[in-house]
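Structure record follows, encoded as structure tokens.
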Amino acid sequence: MKSKIFVGCCLMVAVAMGQVSHVVPPGTGGVNPASPFNSWATAATNIQEAVNAASGQGWTNVWVSNGTYTLTSQVTIAAGMTVRSWHNGAMDRAGTIVNGGNLAGNTTTNRCFYIDHADAVVAGFTITNGWAYGSSIVSDQSGGGVYVNNGLLLNCTVQGCEAQYMGGGVMVQAAGVVRDCLIKGNTAPNAAGGARVWSGMLDDCDVVSNYTGGSGGGISLSYAGIVTNTRIKSNYSLGVGGGLNIGASGG
């Protein structure tokens, strides 16, 4: 028991000593950003900059203060770290908004998050207005809000995002996991208005009011993917599977 308490104390001391990169919304008063952004007074105003700084230090935490972050390019997380919302120590999914900034007629990819590490976690955000567009590569055209190639998307809302091909809200690949998320009001013309689960897992999610012109209005699932404990409601497809379509290619 004593050894467990000692380990816990060490972990708290490590955080207290600043082994966390911090992010605040642009325009926050009294903040002078300075890498590696290891206090609120020196916090970054750009999520990707904080992720890069933490990775360079070998740190495993990025705390993002509640507020709105409008992106000019996707946030890529390719290291083992947790990027989470932070409001007085608690996660604030509703109050911490990552906006892809997509405008009607936009022809430039501006997906919100790309997650690609087995120990990467993105938690506690509203992810909106993302757009995945690519000239010929399917992966560039999929996952308008989030592309989870490896790692975990946790306790997030993904809404109002769009993909050129499939997975308007979320694309789940390889060993990616999406858990305890609301996937709502996303679109894709080919398949999977809400979520395309090519492989990996969608677990304990709500998939609501998504649309596709192809198959799988809510979810398109390949035989390598897993969907568990998930509520699917009021999705629409011009093809087959308004709520859920299952097939080898997900078509």
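Chain labels A, B, ... are given in the sequence in which chains occur in the structure tokens; within each chain residues are numbered consecutively from 1, and ligands are likewise numbered from 1 in the order shown.
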
I'd like a table as a Markdown table: residues in region 219-242 of chain A with an atom no more than 6 Å from region 189-210 of chain A, each row giving the shortest atom pair and its distance in Å to one decimal, only C-alpha atoms counted, sorted by chain and rising residue number.
| residue | atom | partner | partner_atom | distance |
| --- | --- | --- | --- | --- |
| A:Ile219 | CA | A:Ala195 | CA | 4.8 |
| A:Ser220 | CA | A:Ala192 | CA | 4.8 |
| A:Leu221 | CA | A:Val197 | CA | 4.9 |
| A:Ser222 | CA | A:Trp198 | CA | 5.2 |
| A:Ala224 | CA | A:Ser199 | CA | 4.8 |
| A:Gly225 | CA | A:Ser199 | CA | 3.8 |
| A:Ile226 | CA | A:Met201 | CA | 4.7 |
| A:Val227 | CA | A:Leu202 | CA | 4.8 |
| A:Thr228 | CA | A:Asp203 | CA | 4.9 |
| A:Asn229 | CA | A:Asp204 | CA | 4.6 |
| A:Thr230 | CA | A:Asp204 | CA | 4.7 |
| A:Arg231 | CA | A:Asp206 | CA | 4.8 |
| A:Ile232 | CA | A:Val207 | CA | 4.8 |
| A:Lys233 | CA | A:Val208 | CA | 4.9 |
| A:Ser234 | CA | A:Ser209 | CA | 4.9 |
| A:Asn235 | CA | A:Ser209 | CA | 4.4 |

Handout entry: For region 71-81 of chain A: contacts at 6 Å, only C-alpha atoms, fewer than 5 positions along chain excluded, given as a list in words
Key = Gln48, Thr60, Asn61, Gly100, Asn110, Arg111, Cys112, Phe113, Tyr114, Ile115, Asp116, His117, Asp119 and Ala120 of chain A

Practice task
Skip Ser21 (chain A) itself and residues of its chain fewer than 3 positions away, then list as a PyMOL selection string all residues within 12 Å of it, counting only C-alpha atoms.
Solution key: chain A and resi 15-18+24+33-65+81-84+86

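Closest approach to Ala132 (chain A) among A:Tyr223, A:Val148, A:Ala118, A:Met166 is made by A:Met166 (distances from only C-alpha atoms).
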
Exercise for the section: Please provide as a list in words all residues within 10 Å of Val240 (chain A), with the sequence filter that same-chain residues fewer than 6 positions apart are discarded (counting only C-alpha atoms). Expected result: Ala191, Thr212, Gly213, Gly214, Ser215, Gly216, Gly217, Ile246 and Gly251 of chain A

Written file, previous selection with N, CA and C atoms, as an mmCIF file, in the first residue's frame:
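As a result, result.cif now contains:
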data_model
loop_
_atom_site.group_PDB
_atom_site.id
_atom_site.type_symbol
_atom_site.label_atom_id
_atom_site.label_comp_id
_atom_site.auth_asym_id
_atom_site.auth_seq_id
_atom_site.Cartn_x
_atom_site.Cartn_y
_atom_site.Cartn_z
ATOM 1 N N ALA A 191 -20.291 6.977 -48.526
ATOM 2 C CA ALA A 191 -20.636 6.010 -47.475
ATOM 3 C C ALA A 191 -20.356 6.621 -46.118
ATOM 4 N N THR A 212 -25.735 10.164 -45.759
ATOM 5 C CA THR A 212 -24.870 9.837 -46.887
ATOM 6 C C THR A 212 -25.695 9.645 -48.142
ATOM 7 N N GLY A 213 -25.087 9.985 -49.279
ATOM 8 C CA GLY A 213 -25.707 9.711 -50.567
ATOM 9 C C GLY A 213 -25.483 8.288 -51.019
ATOM 10 N N GLY A 214 -24.662 7.520 -50.276
ATOM 11 C CA GLY A 214 -24.384 6.135 -50.621
ATOM 12 C C GLY A 214 -24.985 5.184 -49.606
ATOM 13 N N SER A 215 -24.142 4.442 -48.885
ATOM 14 C CA SER A 215 -24.624 3.419 -47.954
ATOM 15 C C SER A 215 -24.133 3.689 -46.542
ATOM 16 N N GLY A 216 -24.974 3.342 -45.590
ATOM 17 C CA GLY A 216 -24.602 3.515 -44.191
ATOM 18 C C GLY A 216 -24.726 4.955 -43.734
ATOM 19 N N GLY A 217 -25.963 5.447 -43.597
ATOM 20 C CA GLY A 217 -26.156 6.825 -43.187
ATOM 21 C C GLY A 217 -25.518 7.130 -41.852
ATOM 22 N N ILE A 246 -23.284 -3.097 -43.323
ATOM 23 C CA ILE A 246 -22.164 -3.997 -43.062
ATOM 24 C C ILE A 246 -21.774 -4.680 -44.360
ATOM 25 N N GLY A 251 -19.312 -0.843 -48.653
ATOM 26 C CA GLY A 251 -20.033 -0.122 -49.690
ATOM 27 C C GLY A 251 -21.531 -0.291 -49.571
#

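When CA of Tyr69 (chain A) is paired with CA of Ile97 (chain A), their separation reads 6.1 Å.
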
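Proximity ranking of A:Val146, A:Cys156, A:Val170, A:Val121 relative to Gly95 (chain A) places A:Cys156 first, based on only C-alpha atoms.
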
When you look at Val158 (chain A) with a cut-off of 9 Å (counting only C-alpha atoms), what residues show up, excluding the ones that are within fewer than 3 positions of it in the same chain? I need them as a compact mmCIF listing (two decimals) with C-alpha atoms, in the first residue's frame.
# COMPACT_ATOMS: atom_id res chain seq x y z
CA PHE A 125 -13.96 18.21 -27.05
CA THR A 126 -16.72 19.36 -29.36
CA ILE A 127 -15.27 18.83 -32.84
CA THR A 128 -17.14 20.63 -35.59
CA ASN A 129 -17.00 22.04 -39.10
CA GLY A 145 -13.94 15.49 -38.18
CA VAL A 146 -11.43 12.91 -36.95
CA CYS A 161 -18.37 17.70 -40.34
CA GLY A 169 -17.72 12.53 -38.85
CA VAL A 170 -15.13 9.88 -38.05
CA CYS A 181 -18.79 9.95 -28.25
CA LEU A 182 -21.76 11.67 -29.86
CA ILE A 183 -21.51 11.60 -33.68
CA LYS A 184 -24.22 13.86 -34.99
CA GLY A 185 -25.25 15.71 -38.15
CA ASN A 186 -22.28 14.77 -40.35
CA GLY A 194 -21.45 9.44 -39.36

Exercise for the section: List every residue of region 44-93 of chain A that DSSP, applied to the backbone of this structure, assigns to strand (DSSP E), and report them as a PyMOL selection string. Expected result: chain A and resi 61-65+67-70+75-77+82-86

Atoms to include: N, CA and C atoms. Write the selected residues as a PDB file, in the first residue's frame.
ATOM      1  N   ASN A  61       1.194  14.861 -21.656  1.00  0.00           N
ATOM      2  CA  ASN A  61      -0.064  15.560 -21.393  1.00  0.00           C
ATOM      3  C   ASN A  61      -0.099  16.926 -22.053  1.00  0.00           C
ATOM      4  N   VAL A  62      -1.227  17.212 -22.694  1.00  0.00           N
ATOM      5  CA  VAL A  62      -1.527  18.552 -23.196  1.00  0.00           C
ATOM      6  C   VAL A  62      -2.900  18.925 -22.667  1.00  0.00           C
ATOM      7  N   TRP A  63      -2.976  20.036 -21.915  1.00  0.00           N
ATOM      8  CA  TRP A  63      -4.234  20.505 -21.352  1.00  0.00           C
ATOM      9  C   TRP A  63      -4.717  21.698 -22.159  1.00  0.00           C
ATOM     10  N   VAL A  64      -5.954  21.605 -22.644  1.00  0.00           N
ATOM     11  CA  VAL A  64      -6.523  22.631 -23.513  1.00  0.00           C
ATOM     12  C   VAL A  64      -7.661  23.324 -22.765  1.00  0.00           C
ATOM     13  N   SER A  65      -7.475  24.601 -22.444  1.00  0.00           N
ATOM     14  CA  SER A  65      -8.484  25.329 -21.689  1.00  0.00           C
ATOM     15  C   SER A  65      -9.772  25.463 -22.490  1.00  0.00           C
ATOM     16  N   GLY A  67     -12.923  26.974 -24.366  1.00  0.00           N
ATOM     17  CA  GLY A  67     -12.962  28.084 -25.313  1.00  0.00           C
ATOM     18  C   GLY A  67     -13.068  27.526 -26.720  1.00  0.00           C
ATOM     19  N   THR A  68     -12.919  28.385 -27.709  1.00  0.00           N
ATOM     20  CA  THR A  68     -13.042  27.980 -29.118  1.00  0.00           C
ATOM     21  C   THR A  68     -11.703  28.113 -29.829  1.00  0.00           C
ATOM     22  N   TYR A  69     -11.360  27.082 -30.585  1.00  0.00           N
ATOM     23  CA  TYR A  69     -10.116  27.032 -31.364  1.00  0.00           C
ATOM     24  C   TYR A  69     -10.475  26.791 -32.822  1.00  0.00           C
ATOM     25  N   THR A  70     -10.281  27.783 -33.662  1.00  0.00           N
ATOM     26  CA  THR A  70     -10.562  27.661 -35.085  1.00  0.00           C
ATOM     27  C   THR A  70      -9.265  27.315 -35.799  1.00  0.00           C
ATOM     28  N   VAL A  75      -4.961  19.044 -36.604  1.00  0.00           N
ATOM     29  CA  VAL A  75      -4.070  18.730 -35.486  1.00  0.00           C
ATOM     30  C   VAL A  75      -3.676  17.270 -35.610  1.00  0.00           C
ATOM     31  N   THR A  76      -2.385  17.019 -35.746  1.00  0.00           N
ATOM     32  CA  THR A  76      -1.866  15.657 -35.896  1.00  0.00           C
ATOM     33  C   THR A  76      -1.192  15.226 -34.603  1.00  0.00           C
ATOM     34  N   ILE A  77      -1.606  14.070 -34.089  1.00  0.00           N
ATOM     35  CA  ILE A  77      -1.033  13.534 -32.854  1.00  0.00           C
ATOM     36  C   ILE A  77      -0.435  12.177 -33.186  1.00  0.00           C
ATOM     37  N   THR A  82      -1.860  12.313 -23.997  1.00  0.00           N
ATOM     38  CA  THR A  82      -3.266  12.628 -23.832  1.00  0.00           C
ATOM     39  C   THR A  82      -3.464  14.116 -24.061  1.00  0.00           C
ATOM     40  N   VAL A  83      -4.320  14.444 -25.024  1.00  0.00           N
ATOM     41  CA  VAL A  83      -4.707  15.823 -25.304  1.00  0.00           C
ATOM     42  C   VAL A  83      -6.151  15.953 -24.848  1.00  0.00           C
ATOM     43  N   ARG A  84      -6.381  16.745 -23.792  1.00  0.00           N
ATOM     44  CA  ARG A  84      -7.709  16.771 -23.184  1.00  0.00           C
ATOM     45  C   ARG A  84      -8.129  18.198 -22.854  1.00  0.00           C
ATOM     46  N   SER A  85      -9.450  18.400 -22.852  1.00  0.00           N
ATOM     47  CA  SER A  85      -9.975  19.691 -22.413  1.00  0.00           C
ATOM     48  C   SER A  85      -9.770  19.844 -20.910  1.00  0.00           C
ATOM     49  N   TRP A  86      -9.732  21.124 -20.487  1.00  0.00           N
ATOM     50  CA  TRP A  86      -9.410  21.399 -19.086  1.00  0.00           C
ATOM     51  C   TRP A  86     -10.181  22.636 -18.640  1.00  0.00           C
TER      52      TRP A  86
END

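Backbone DSSP over region 39-168 of chain A yields alpha helix (DSSP H) at Ile47, Gln48, Glu49, Ala50, Val51, Asn52, Ala53, Ala54, Ser55, Gly56 and Gln57 of chain A.
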